[in-house]
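Novice: So I've got this file, input13.csv, and it contains CSV, C-alpha atoms and all ligand atoms:
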```
chain,number,residue,atom,x,y,z
A,1,MET,CA,67.1,122.0,-112.2
A,2,SER,CA,69.2,125.2,-112.6
A,3,ARG,CA,70.9,127.0,-115.5
A,4,PHE,CA,74.1,126.6,-113.6
A,5,TRP,CA,74.1,122.8,-114.0
A,6,SER,CA,76.2,121.1,-116.7
A,7,PRO,CA,74.1,119.3,-119.3
A,8,PHE,CA,75.6,116.1,-117.9
A,9,VAL,CA,74.1,116.7,-114.5
A,10,HIS,CA,70.7,117.4,-116.0
A,11,ASP,CA,70.5,113.9,-117.3
A,12,LEU,CA,71.9,112.0,-114.3
A,13,GLU,CA,69.5,109.6,-112.6
A,14,PRO,CA,71.1,108.9,-109.2
A,15,TYR,CA,70.7,105.8,-107.2
A,16,VAL,CA,67.8,105.8,-104.7
A,17,PRO,CA,68.8,104.1,-101.4
A,18,GLY,CA,66.3,102.2,-99.3
A,19,GLU,CA,64.4,104.5,-96.8
A,20,GLN,CA,66.1,105.5,-93.6
A,21,PRO,CA,63.0,106.4,-91.7
A,22,LYS,CA,62.8,109.4,-89.4
A,23,ILE,CA,60.1,107.7,-87.2
A,24,ALA,CA,61.3,105.6,-84.2
A,25,ASN,CA,60.2,102.0,-83.5
A,26,LEU,CA,59.7,100.8,-87.0
A,27,ILE,CA,61.0,97.3,-87.7
A,28,LYS,CA,63.5,98.1,-90.4
A,29,LEU,CA,64.0,95.1,-92.7
A,30,ASN,CA,64.6,97.1,-95.9
A,31,THR,CA,68.3,97.8,-96.3
A,32,ASN,CA,70.1,94.6,-95.3
A,33,GLU,CA,71.7,96.1,-92.2
A,34,ASN,CA,72.8,93.7,-89.5
A,35,PRO,CA,70.2,93.5,-86.7
A,36,TYR,CA,73.0,93.2,-84.1
A,37,GLY,CA,75.3,96.0,-83.1
A,38,PRO,CA,79.1,95.9,-83.9
A,39,SER,CA,81.4,94.0,-81.7
A,40,PRO,CA,81.7,95.5,-78.2
A,41,LYS,CA,85.5,95.5,-78.7
A,42,VAL,CA,85.0,97.7,-81.8
A,43,LEU,CA,82.9,100.2,-79.8
A,44,GLU,CA,85.7,100.3,-77.2
A,45,VAL,CA,88.3,101.1,-79.9
A,46,LEU,CA,86.1,103.9,-81.2
A,47,LYS,CA,85.9,105.5,-77.8
A,48,GLN,CA,89.7,105.5,-77.6
A,49,GLU,CA,89.9,107.1,-81.0
A,50,ILE,CA,87.9,110.2,-79.9
A,51,ASN,CA,90.9,112.3,-79.0
A,52,ASP,CA,93.0,115.3,-80.1
A,53,ASP,CA,94.4,113.4,-83.0
A,54,LEU,CA,91.2,114.1,-84.8
A,55,ARG,CA,92.8,117.4,-85.8
A,56,LEU,CA,95.3,115.4,-88.0
A,57,TYR,CA,94.6,114.0,-91.5
A,58,PRO,CA,94.5,110.2,-91.4
A,59,ASP,CA,97.1,107.9,-93.2
A,60,PRO,CA,96.2,108.3,-96.9
A,61,ASP,CA,96.9,104.6,-97.5
A,62,SER,CA,95.0,103.2,-94.5
A,63,SER,CA,98.0,100.8,-94.4
A,64,LYS,CA,97.2,99.3,-91.0
A,65,LEU,CA,93.7,98.2,-92.2
A,66,LYS,CA,95.2,96.9,-95.5
A,67,GLN,CA,97.7,94.8,-93.5
A,68,THR,CA,94.9,93.4,-91.3
A,69,ILE,CA,92.9,92.4,-94.4
A,70,ALA,CA,95.9,90.9,-96.1
A,71,ASP,CA,96.8,88.9,-93.0
A,72,TYR,CA,93.1,87.7,-92.6
A,73,TYR,CA,93.0,86.4,-96.2
A,74,ASP,CA,96.7,85.4,-96.3
A,75,ILE,CA,97.6,87.6,-99.3
A,76,ASP,CA,100.0,90.5,-99.8
A,77,THR,CA,99.0,94.2,-98.9
A,78,GLN,CA,99.7,95.1,-102.6
A,79,GLN,CA,96.6,93.0,-103.4
A,80,VAL,CA,94.3,95.1,-101.2
A,81,PHE,CA,92.5,98.3,-101.8
A,82,VAL,CA,90.3,100.0,-99.1
A,83,GLY,CA,87.7,102.7,-99.5
A,84,ASN,CA,84.8,104.6,-98.0
A,85,GLY,CA,82.3,101.8,-98.2
A,86,SER,CA,82.2,99.3,-101.0
A,87,ASP,CA,80.0,101.7,-103.0
A,88,GLU,CA,83.0,104.0,-103.3
A,89,VAL,CA,85.3,101.1,-104.1
A,90,LEU,CA,82.9,100.0,-106.8
A,91,ALA,CA,82.7,103.6,-108.2
A,92,HIS,CA,86.5,103.5,-108.6
A,93,VAL,CA,86.3,100.1,-110.2
A,94,PHE,CA,83.9,101.3,-112.8
A,95,ASN,CA,86.1,104.4,-113.5
A,96,ALA,CA,89.4,102.6,-113.5
A,97,LEU,CA,88.7,99.2,-115.0
A,98,PHE,CA,85.5,99.3,-117.1
A,99,GLN,CA,86.2,102.2,-119.5
A,100,HIS,CA,86.4,100.1,-122.7
A,101,ASP,CA,84.8,100.0,-126.2
A,102,ALA,CA,82.8,96.7,-125.6
A,103,PRO,CA,79.8,96.7,-123.2
A,104,LEU,CA,80.1,95.9,-119.6
A,105,LEU,CA,78.0,92.9,-118.7
A,106,PHE,CA,75.9,92.4,-115.6
A,107,PRO,CA,72.6,90.6,-114.8
A,108,ASP,CA,69.3,92.2,-115.6
A,109,ILE,CA,68.3,91.8,-112.0
A,110,THR,CA,71.1,93.0,-109.8
A,111,TYR,CA,72.5,95.7,-107.6
A,112,SER,CA,70.8,98.9,-109.0
A,113,PHE,CA,73.9,101.0,-108.4
A,114,TYR,CA,75.7,99.4,-111.4
A,115,PRO,CA,73.7,101.2,-114.1
A,116,VAL,CA,74.0,104.4,-112.1
A,117,TYR,CA,77.8,104.2,-112.2
A,118,CYS,CA,77.7,103.4,-115.9
A,119,GLN,CA,75.8,106.6,-116.5
A,120,LEU,CA,78.1,108.6,-114.2
A,121,TYR,CA,81.3,107.3,-116.0
A,122,GLN,CA,79.6,107.0,-119.5
A,123,ILE,CA,80.1,103.2,-119.7
A,124,ASN,CA,78.2,101.3,-122.3
A,125,TYR,CA,76.5,98.2,-120.7
A,126,HIS,CA,74.4,95.2,-121.5
A,127,ALA,CA,72.1,93.7,-118.9
A,128,VAL,CA,72.2,89.9,-119.3
A,129,PRO,CA,68.9,88.2,-118.3
A,130,LEU,CA,69.0,85.8,-115.4
A,131,THR,CA,67.4,82.4,-116.0
A,132,ASP,CA,63.7,81.8,-115.2
A,133,GLN,CA,64.9,80.7,-111.7
A,134,PHE,CA,66.8,83.9,-111.3
A,135,GLU,CA,70.2,82.2,-111.7
A,136,ILE,CA,73.3,83.4,-113.5
A,137,ASP,CA,74.1,81.1,-116.4
A,138,VAL,CA,77.9,81.8,-117.1
A,139,THR,CA,77.6,80.7,-120.7
A,140,ASP,CA,75.5,83.8,-121.3
A,141,TYR,CA,78.6,85.8,-120.5
A,142,GLN,CA,80.6,84.2,-123.4
A,143,GLN,CA,80.3,87.3,-125.6
A,144,LYS,CA,82.5,90.3,-126.3
A,145,ASN,CA,82.7,92.5,-123.3
A,146,GLY,CA,84.6,95.3,-121.6
A,147,GLY,CA,84.2,93.7,-118.1
A,148,ILE,CA,81.8,91.7,-116.0
A,149,ILE,CA,80.3,92.4,-112.6
A,150,PHE,CA,77.7,90.8,-110.4
A,151,PRO,CA,77.2,90.3,-106.7
A,152,ASN,CA,77.6,86.8,-105.3
A,153,PRO,CA,75.2,86.0,-103.7
A,154,ASN,CA,73.3,88.2,-106.1
A,155,ALA,CA,71.2,91.0,-104.8
A,156,PRO,CA,68.2,91.2,-104.5
A,157,THR,CA,67.7,87.6,-105.5
A,158,SER,CA,70.0,86.1,-102.8
A,159,ARG,CA,71.1,83.2,-105.0
A,160,LEU,CA,74.7,82.0,-105.0
A,161,LEU,CA,76.9,81.1,-108.0
A,162,ALA,CA,79.3,78.2,-107.2
A,163,LEU,CA,83.1,78.8,-107.4
A,164,ASP,CA,83.6,76.3,-110.2
A,165,LYS,CA,81.1,78.4,-112.3
A,166,ILE,CA,83.1,81.5,-111.5
A,167,GLU,CA,86.3,79.8,-112.6
A,168,GLN,CA,84.6,78.8,-115.9
A,169,LEU,CA,83.6,82.5,-116.3
A,170,LEU,CA,87.1,83.7,-115.6
A,171,GLN,CA,88.6,81.2,-118.1
A,172,HIS,CA,86.3,82.3,-120.9
A,173,ASN,CA,86.9,85.9,-120.2
A,174,ALA,CA,90.7,86.1,-119.7
A,175,GLU,CA,90.9,89.5,-121.5
A,176,SER,CA,88.3,91.3,-119.3
A,177,VAL,CA,88.2,92.2,-115.6
A,178,VAL,CA,85.7,90.1,-113.7
A,179,VAL,CA,84.4,91.7,-110.5
A,180,ILE,CA,82.6,89.6,-107.9
A,181,ASP,CA,80.8,91.9,-105.4
A,182,GLU,CA,80.8,89.8,-102.2
A,183,ALA,CA,78.8,92.2,-100.0
A,184,TYR,CA,76.8,89.2,-98.6
A,185,ILE,CA,79.3,86.4,-98.9
A,186,ASP,CA,79.8,85.8,-95.2
A,187,PHE,CA,76.2,84.6,-94.7
A,188,GLY,CA,76.8,81.2,-96.2
A,189,GLY,CA,78.7,81.5,-99.5
A,190,GLU,CA,82.3,80.7,-100.3
A,191,THR,CA,84.6,83.6,-101.2
A,192,ALA,CA,86.4,83.8,-104.5
A,193,ILE,CA,89.4,85.5,-102.9
A,194,PRO,CA,91.7,82.5,-103.1
A,195,LEU,CA,91.2,82.6,-106.9
A,196,VAL,CA,92.9,85.9,-107.3
A,197,GLU,CA,96.3,84.1,-107.1
A,198,LYS,CA,95.4,82.2,-110.2
A,199,TYR,CA,93.4,84.8,-112.2
A,200,PRO,CA,95.0,88.2,-112.7
A,201,ASN,CA,91.7,89.5,-114.2
A,202,LEU,CA,89.6,88.8,-111.0
A,203,LEU,CA,88.8,91.5,-108.5
A,204,VAL,CA,86.7,90.7,-105.4
A,205,THR,CA,85.0,93.4,-103.4
A,206,GLN,CA,83.6,93.1,-99.9
A,207,THR,CA,82.2,95.4,-97.2
A,208,LEU,CA,82.2,95.7,-93.4
A,209,SER,CA,78.6,97.1,-93.6
A,210,LYS,CA,76.8,93.8,-93.4
A,211,SER,CA,78.4,90.8,-91.7
A,212,ARG,CA,80.5,93.1,-89.5
A,213,SER,CA,77.7,95.5,-88.7
A,214,LEU,CA,79.6,98.8,-89.5
A,215,ALA,CA,77.4,100.3,-92.3
A,216,ASN,CA,77.6,103.7,-90.7
A,217,LEU,CA,81.4,103.8,-90.7
A,218,ARG,CA,81.6,103.2,-94.5
A,219,ILE,CA,84.4,100.5,-94.9
A,220,GLY,CA,84.8,98.5,-98.1
A,221,PHE,CA,87.7,96.8,-99.8
A,222,ALA,CA,88.8,95.1,-103.0
A,223,ILE,CA,91.2,92.2,-103.5
A,224,GLY,CA,93.0,91.4,-106.7
A,225,HIS,CA,96.2,91.5,-108.7
A,226,PRO,CA,98.5,94.4,-107.8
A,227,ASP,CA,98.1,95.9,-111.3
A,228,LEU,CA,94.3,96.1,-110.7
A,229,ILE,CA,94.8,97.6,-107.3
A,230,GLU,CA,97.3,100.2,-108.7
A,231,ALA,CA,94.6,101.4,-111.1
A,232,LEU,CA,92.2,101.9,-108.2
A,233,VAL,CA,94.8,103.7,-106.2
A,234,ARG,CA,95.4,106.1,-109.1
A,235,VAL,CA,91.7,107.0,-109.4
A,236,LYS,CA,91.4,107.3,-105.6
A,237,ASP,CA,94.4,109.6,-105.4
A,238,SER,CA,92.9,111.7,-108.2
A,239,PHE,CA,89.6,112.0,-106.3
A,240,ASN,CA,90.1,112.0,-102.5
A,241,SER,CA,93.4,111.2,-100.8
A,242,TYR,CA,91.9,110.5,-97.3
A,243,PRO,CA,88.7,108.5,-97.8
A,244,MET,CA,89.0,106.7,-94.4
A,245,SER,CA,89.2,108.2,-91.0
A,246,ASN,CA,91.3,106.8,-88.1
A,247,LEU,CA,87.9,105.8,-86.6
A,248,ALA,CA,87.0,103.7,-89.6
A,249,VAL,CA,90.5,102.2,-89.9
A,250,ASN,CA,90.9,101.2,-86.3
A,251,ALA,CA,87.3,100.0,-85.9
A,252,GLY,CA,87.7,97.9,-89.1
A,253,ILE,CA,90.8,96.3,-87.8
A,254,GLU,CA,89.1,95.4,-84.5
A,255,ALA,CA,86.1,94.0,-86.4
A,256,PHE,CA,88.5,91.6,-88.1
A,257,ASN,CA,90.3,90.8,-84.9
A,258,ASP,CA,87.1,89.8,-83.0
A,259,GLN,CA,86.4,86.7,-85.0
A,260,GLU,CA,84.4,85.1,-82.2
A,261,TYR,CA,81.7,87.9,-82.3
A,262,PHE,CA,81.6,87.8,-86.1
A,263,GLU,CA,80.9,84.1,-86.1
A,264,LEU,CA,78.4,84.3,-83.3
A,265,THR,CA,76.3,87.0,-84.9
A,266,ASN,CA,76.5,85.4,-88.4
A,267,ARG,CA,75.4,82.1,-86.9
A,268,LYS,CA,72.4,83.8,-85.3
A,269,ILE,CA,71.4,85.5,-88.6
A,270,ILE,CA,71.7,82.1,-90.4
A,271,THR,CA,69.5,80.4,-87.8
A,272,SER,CA,66.9,83.3,-88.0
A,273,ARG,CA,67.0,83.0,-91.8
A,274,LYS,CA,66.0,79.3,-91.6
A,275,GLN,CA,63.2,80.1,-89.1
A,276,LEU,CA,61.9,83.1,-91.2
A,277,ILE,CA,61.9,81.0,-94.4
A,278,GLN,CA,59.8,78.4,-92.7
A,279,GLU,CA,57.3,81.0,-91.4
A,280,LEU,CA,57.0,82.6,-94.8
A,281,VAL,CA,56.5,79.3,-96.6
A,282,THR,CA,53.7,78.5,-94.1
A,283,LEU,CA,52.1,81.8,-95.0
A,284,GLY,CA,52.1,80.7,-98.7
A,285,PHE,CA,55.1,82.7,-99.9
A,286,GLU,CA,57.6,81.3,-102.5
A,287,VAL,CA,61.1,82.0,-101.2
A,288,LEU,CA,64.2,81.9,-103.4
A,289,PRO,CA,67.1,79.9,-101.9
A,290,SER,CA,69.1,82.4,-99.8
A,291,VAL,CA,72.7,82.5,-98.6
A,292,ALA,CA,72.4,86.2,-97.8
A,293,ASN,CA,71.1,88.2,-94.8
A,294,PHE,CA,67.9,88.8,-96.8
A,295,VAL,CA,65.3,86.7,-98.6
A,296,PHE,CA,63.5,87.4,-101.9
A,297,VAL,CA,59.9,86.3,-101.8
A,298,THR,CA,56.7,86.4,-103.7
A,299,HIS,CA,53.1,85.5,-102.8
A,300,PRO,CA,50.8,84.0,-105.5
A,301,GLN,CA,47.7,85.6,-104.1
A,302,HIS,CA,49.0,89.0,-103.0
A,303,ASP,CA,50.4,92.0,-104.8
A,304,ALA,CA,53.9,92.7,-103.6
A,305,GLU,CA,53.6,96.5,-103.7
A,306,GLU,CA,50.4,96.4,-101.7
A,307,LEU,CA,51.8,94.0,-99.2
A,308,SER,CA,54.8,96.3,-98.7
A,309,ALA,CA,52.4,99.3,-98.1
A,310,GLU,CA,50.3,97.3,-95.7
A,311,LEU,CA,53.3,96.1,-93.8
A,312,ARG,CA,54.5,99.7,-93.4
A,313,GLN,CA,51.2,100.5,-91.8
A,314,GLN,CA,51.9,97.7,-89.3
A,315,GLY,CA,55.3,99.3,-88.6
A,316,VAL,CA,57.5,96.9,-90.7
A,317,ILE,CA,59.5,98.2,-93.7
A,318,VAL,CA,60.7,95.8,-96.4
A,319,ARG,CA,62.0,96.6,-99.9
A,320,HIS,CA,59.9,96.5,-103.1
A,321,PHE,CA,61.5,97.3,-106.5
A,322,GLN,CA,59.6,98.7,-109.5
A,323,HIS,CA,61.6,96.6,-112.1
A,324,ASN,CA,59.1,94.7,-114.3
A,325,ARG,CA,60.5,91.2,-113.8
A,326,ILE,CA,60.5,91.4,-110.0
A,327,SER,CA,57.5,93.7,-109.3
A,328,GLN,CA,55.8,90.9,-107.5
A,329,PHE,CA,58.7,90.3,-105.2
A,330,LEU,CA,59.7,91.7,-101.8
A,331,ARG,CA,63.2,91.7,-100.4
A,332,ILE,CA,63.2,91.2,-96.7
A,333,THR,CA,66.3,91.6,-94.5
A,334,ILE,CA,66.8,89.0,-91.8
A,335,GLY,CA,66.2,90.6,-88.4
A,336,THR,CA,66.6,89.2,-84.9
A,337,SER,CA,64.3,86.3,-84.1
A,338,GLU,CA,62.0,88.7,-82.3
A,339,GLN,CA,61.8,91.1,-85.3
A,340,ASN,CA,61.1,88.1,-87.6
A,341,GLN,CA,58.3,87.1,-85.3
A,342,GLN,CA,56.9,90.6,-85.4
A,343,LEU,CA,57.1,90.5,-89.2
A,344,ALA,CA,55.3,87.2,-89.3
A,345,GLN,CA,52.5,88.6,-87.0
A,346,ALA,CA,52.1,91.6,-89.2
A,347,LEU,CA,51.9,89.4,-92.3
A,348,LYS,CA,49.3,87.2,-90.7
A,349,LYS,CA,47.1,90.3,-90.2
A,350,VAL,CA,47.5,91.6,-93.8
A,351,ILE,CA,47.2,88.3,-95.6
A,401,LIG,C1,75.4,94.1,-103.7
A,401,LIG,C2,75.9,95.2,-103.0
A,401,LIG,N1,77.1,95.7,-103.2
A,401,LIG,C3,77.6,96.8,-102.5
A,401,LIG,C4,76.8,97.4,-101.5
A,401,LIG,C5,77.4,98.6,-100.8
A,401,LIG,O1,77.8,98.4,-99.5
A,401,LIG,P1,78.6,99.5,-98.7
A,401,LIG,O2,78.8,100.7,-99.6
A,401,LIG,O3,77.8,99.8,-97.5
A,401,LIG,O4,79.9,98.8,-98.4
A,401,LIG,C6,75.6,97.0,-101.3
A,401,LIG,C7,74.7,97.6,-100.2
A,401,LIG,O5,73.6,97.4,-100.0
A,401,LIG,C8,75.1,95.8,-102.0
A,401,LIG,O6,73.8,95.4,-101.8
```
Let me see the structure of the file written as structure tokens.
Specialist:
Amino acid sequence: MSRFWSPFVHDLEPYVPGEQPKIANLIKLNTNENPYGPSPKVLEVLKQEINDDLRLYPDPDSSKLKQTIADYYDIDTQQVFVGNGSDEVLAHVFNALFQHDAPLLFPDITYSFYPVYCQLYQINYHAVPLTDQFEIDVTDYQQKNGGIIFPNPNAPTSRLLALDKIEQLLQHNAESVVVIDEAYIDFGGETAIPLVEKYPNLLVTQTLSKSRSLANLRIGFAIGHPDLIEALVRVKDSFNSYPMSNLAVNAGIEAFNDQEYFELTNRKIITSRKQLIQELVTLGFEVLPSVANFVFVTHPQHDAEELSAELRQQGVIVRHFQHNRISQFLRITIGTSEQNQQLAQALKKVI
């Protein structure tokens, strides 16, 4: 705290990311990173990009990356926005599209950055309770609102909302922007991107941090009607003209080009997820159905926070949230088969 701060900064409660430990050799299953490295072709491109051109500012529009994403999803470049991680894209979404009189709606259990953006941009919101089974009931969103946002699959619950339900939501909320945050969609869900042609109020965001294993390069994007995209560009150009380096742009392009590697690593993660769920069920855990690269679990006989602390002592970090409704749950990122085995061994010791 300092007398030089504005009153606004005094009251800010920033987002707290999952721990990035300074100690080596921990099994890190707490921030939903990909256990495999990026495509070797991406690494090759990055090496080529280390040259004297780093003295130049990058293309402010990241047009080549936008073109690649547009081609990949068979849409127009005017329907694509790119930014420095989907967190930055989402921040611009809150600022550009959710500043309205009625409250923004999102689930009570969801990505904990949403309320932080609301505070930052002074947006009034209402947290809509998930059902007892941690599902989104779209009829709960048939109320006056200034926008709707949720991840699909939801985080940290890992549950998917089917596309027909998303259409129902869009039809009942034609006057608001509906944002589907698809950070984890590639691990088994079906993307809502084709629906943007039909619904001008739909915006879909995605990231290259998870299924394309590039969390460190910070590449995210949004897809929607050109009018929504223009609003994002206006905010971006009033904030930072050059959010993406040549390194990020060219690595991102190659990550989309190397479809084979993308499919191979995703398949491995999905197989590991099935194996891990089986192990956890055998150990007495209840596991919510997951189509993400993480599972959300609870154990009827063991306190989740204690389990998390005991696992850390065994060299495994997982994520525990203080939120009342989920204080008995742990979110565990899917690791390699080997890491999952090590997790299971550690759990056997502490349970
Ligand atoms: C639901 C959700 N959305 C968005 C993000 C942000 O991803 P990034 O900023 O790395 O693109 C995350 C990161 O964990 C997430 O869980």
Novice: Applying 10 Å and only C-alpha atoms, which residues near Leu214 in chain A remain after dropping the ones on its own chain fewer than 5 positions away? List them as a list of chain:residue names.
Specialist: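 In the requested form, the answer reads A:Glu33, A:Asn34, A:Gly37, A:Pro38, A:Ser39, A:Val42, A:Gly85, A:Thr207, A:Leu208, A:Ser209, A:Ile219, A:Ala248, A:Ala251, A:Gly252, A:Ala255.
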Novice: With distances taken over all atoms listed in the file, which residue among A:Gly188, A:Pro156, A:Pro226, A:Pro289 lies nearest Asn30 in chain A?
Specialist: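 Among A:Gly188, A:Pro156, A:Pro226, A:Pro289, it is A:Pro156 that comes nearest to Asn30 in chain A.
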Novice: Residues within 6 Å of Phe294 in chain A, please, as a list in words. Count only C-alpha atoms; anything in the same chain fewer than 2 positions from it doesn't count.
Specialist: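 What passes the distance filter is Ala292, Ile332, Thr333 and Ile334 of chain A.
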Novice: Include C-alpha atoms and write out the residues we just selected as a PDB file, in the coordinates of the input.
Specialist:
```
ATOM      1  CA  ALA A 292      72.400  86.200 -97.800  1.00  0.00           C
ATOM      2  CA  ILE A 332      63.200  91.200 -96.700  1.00  0.00           C
ATOM      3  CA  THR A 333      66.300  91.600 -94.500  1.00  0.00           C
ATOM      4  CA  ILE A 334      66.800  89.000 -91.800  1.00  0.00           C
TER       5      ILE A 334
END
```
Novice: Ligand LIG 401 (chain A): which residues are within 6 Å, counting only C-alpha atoms and all ligand atoms, as a JSON list (two decimals) with C-alpha atoms, in the coordinates of the input?
Specialist:
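Output file out03.json follows:
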```
[["chain", "number", "residue", "atom", "x", "y", "z"],
["A", 85, "GLY", "CA", 82.30, 101.80, -98.20],
["A", 86, "SER", "CA", 82.20, 99.30, -101.00],
["A", 87, "ASP", "CA", 80.00, 101.70, -103.00],
["A", 111, "TYR", "CA", 72.50, 95.70, -107.60],
["A", 151, "PRO", "CA", 77.20, 90.30, -106.70],
["A", 155, "ALA", "CA", 71.20, 91.00, -104.80],
["A", 181, "ASP", "CA", 80.80, 91.90, -105.40],
["A", 183, "ALA", "CA", 78.80, 92.20, -100.00],
["A", 207, "THR", "CA", 82.20, 95.40, -97.20],
["A", 209, "SER", "CA", 78.60, 97.10, -93.60],
["A", 215, "ALA", "CA", 77.40, 100.30, -92.30],
["A", 218, "ARG", "CA", 81.60, 103.20, -94.50],
["A", 219, "ILE", "CA", 84.40, 100.50, -94.90],
["A", 220, "GLY", "CA", 84.80, 98.50, -98.10]]
```
Novice: Between A:Leu247, A:Gln278, A:Leu330, A:Ala344, which has the minimum distance to Glu44 in chain A (counting all atoms listed in the file)?
Specialist: A:Leu247
Novice: Taking (80.8, 78.5, -114.1) in the coordinates of the supplied file, I want to know which residues reach to within 12 Å of it, counting all atoms listed in the file; could you give the answer as a PDB file with C-alpha atoms, keeping the file's coordinate frame?
Specialist:
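Written file, selection_26.pdb:
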```
ATOM      1  CA  GLU A 135      70.200  82.200-111.700  1.00  0.00           C
ATOM      2  CA  ILE A 136      73.300  83.400-113.500  1.00  0.00           C
ATOM      3  CA  ASP A 137      74.100  81.100-116.400  1.00  0.00           C
ATOM      4  CA  VAL A 138      77.900  81.800-117.100  1.00  0.00           C
ATOM      5  CA  THR A 139      77.600  80.700-120.700  1.00  0.00           C
ATOM      6  CA  ASP A 140      75.500  83.800-121.300  1.00  0.00           C
ATOM      7  CA  TYR A 141      78.600  85.800-120.500  1.00  0.00           C
ATOM      8  CA  GLN A 142      80.600  84.200-123.400  1.00  0.00           C
ATOM      9  CA  LEU A 160      74.700  82.000-105.000  1.00  0.00           C
ATOM     10  CA  LEU A 161      76.900  81.100-108.000  1.00  0.00           C
ATOM     11  CA  ALA A 162      79.300  78.200-107.200  1.00  0.00           C
ATOM     12  CA  LEU A 163      83.100  78.800-107.400  1.00  0.00           C
ATOM     13  CA  ASP A 164      83.600  76.300-110.200  1.00  0.00           C
ATOM     14  CA  LYS A 165      81.100  78.400-112.300  1.00  0.00           C
ATOM     15  CA  ILE A 166      83.100  81.500-111.500  1.00  0.00           C
ATOM     16  CA  GLU A 167      86.300  79.800-112.600  1.00  0.00           C
ATOM     17  CA  GLN A 168      84.600  78.800-115.900  1.00  0.00           C
ATOM     18  CA  LEU A 169      83.600  82.500-116.300  1.00  0.00           C
ATOM     19  CA  LEU A 170      87.100  83.700-115.600  1.00  0.00           C
ATOM     20  CA  GLN A 171      88.600  81.200-118.100  1.00  0.00           C
ATOM     21  CA  HIS A 172      86.300  82.300-120.900  1.00  0.00           C
ATOM     22  CA  ASN A 173      86.900  85.900-120.200  1.00  0.00           C
TER      23      ASN A 173
END
```
Novice: Which residue out of A:Thr131, A:Thr336, A:Gln79, A:Asn246 has the minimum interatomic distance to Leu202 in chain A when all atoms listed in the file are used?
Specialist: A:Gln79
Novice: Which one is closest to Phe113 in chain A: A:Gln345, A:Gln99, A:Tyr15, A:Phe296? Count all atoms listed in the file.
Specialist: A:Tyr15
Novice: Sorted by chain and rising residue number, list the residues of range 226-323 of chain A at most 8 Å from range 64-68 of chain A (counting all atoms listed in the file), each with its closest atom pair and distance in Å to one decimal, as CSV.
Specialist:
```
residue,atom,partner,partner_atom,distance
A:Val249,CA,A:Leu65,CA,5.6
A:Asn250,CA,A:Leu65,CA,7.2
A:Gly252,CA,A:Leu65,CA,6.8
A:Ile253,CA,A:Leu65,CA,5.6
A:Phe256,CA,A:Thr68,CA,7.4
```
Novice: Mind giving me the straight-line distance from CA of Glu260 in chain A to CA of Lys274 in chain A in Å, one decimal?
Specialist: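 Computing it gives 21.5 Å between the two atoms.
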Novice: What is the distance, in Å and to one decimal place, between CA of Phe329 in chain A and CA of Asn293 in chain A?
Specialist: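 Rounded to one decimal, the two atoms are 16.3 Å apart.
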Novice: Quick one: of A:Ile75, A:Leu46, A:Ile149, A:Leu56, who's nearest to Val196 in chain A, counting all atoms listed in the file?
Specialist: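 Answer, going by the shortest atom-to-atom distance: A:Ile75.
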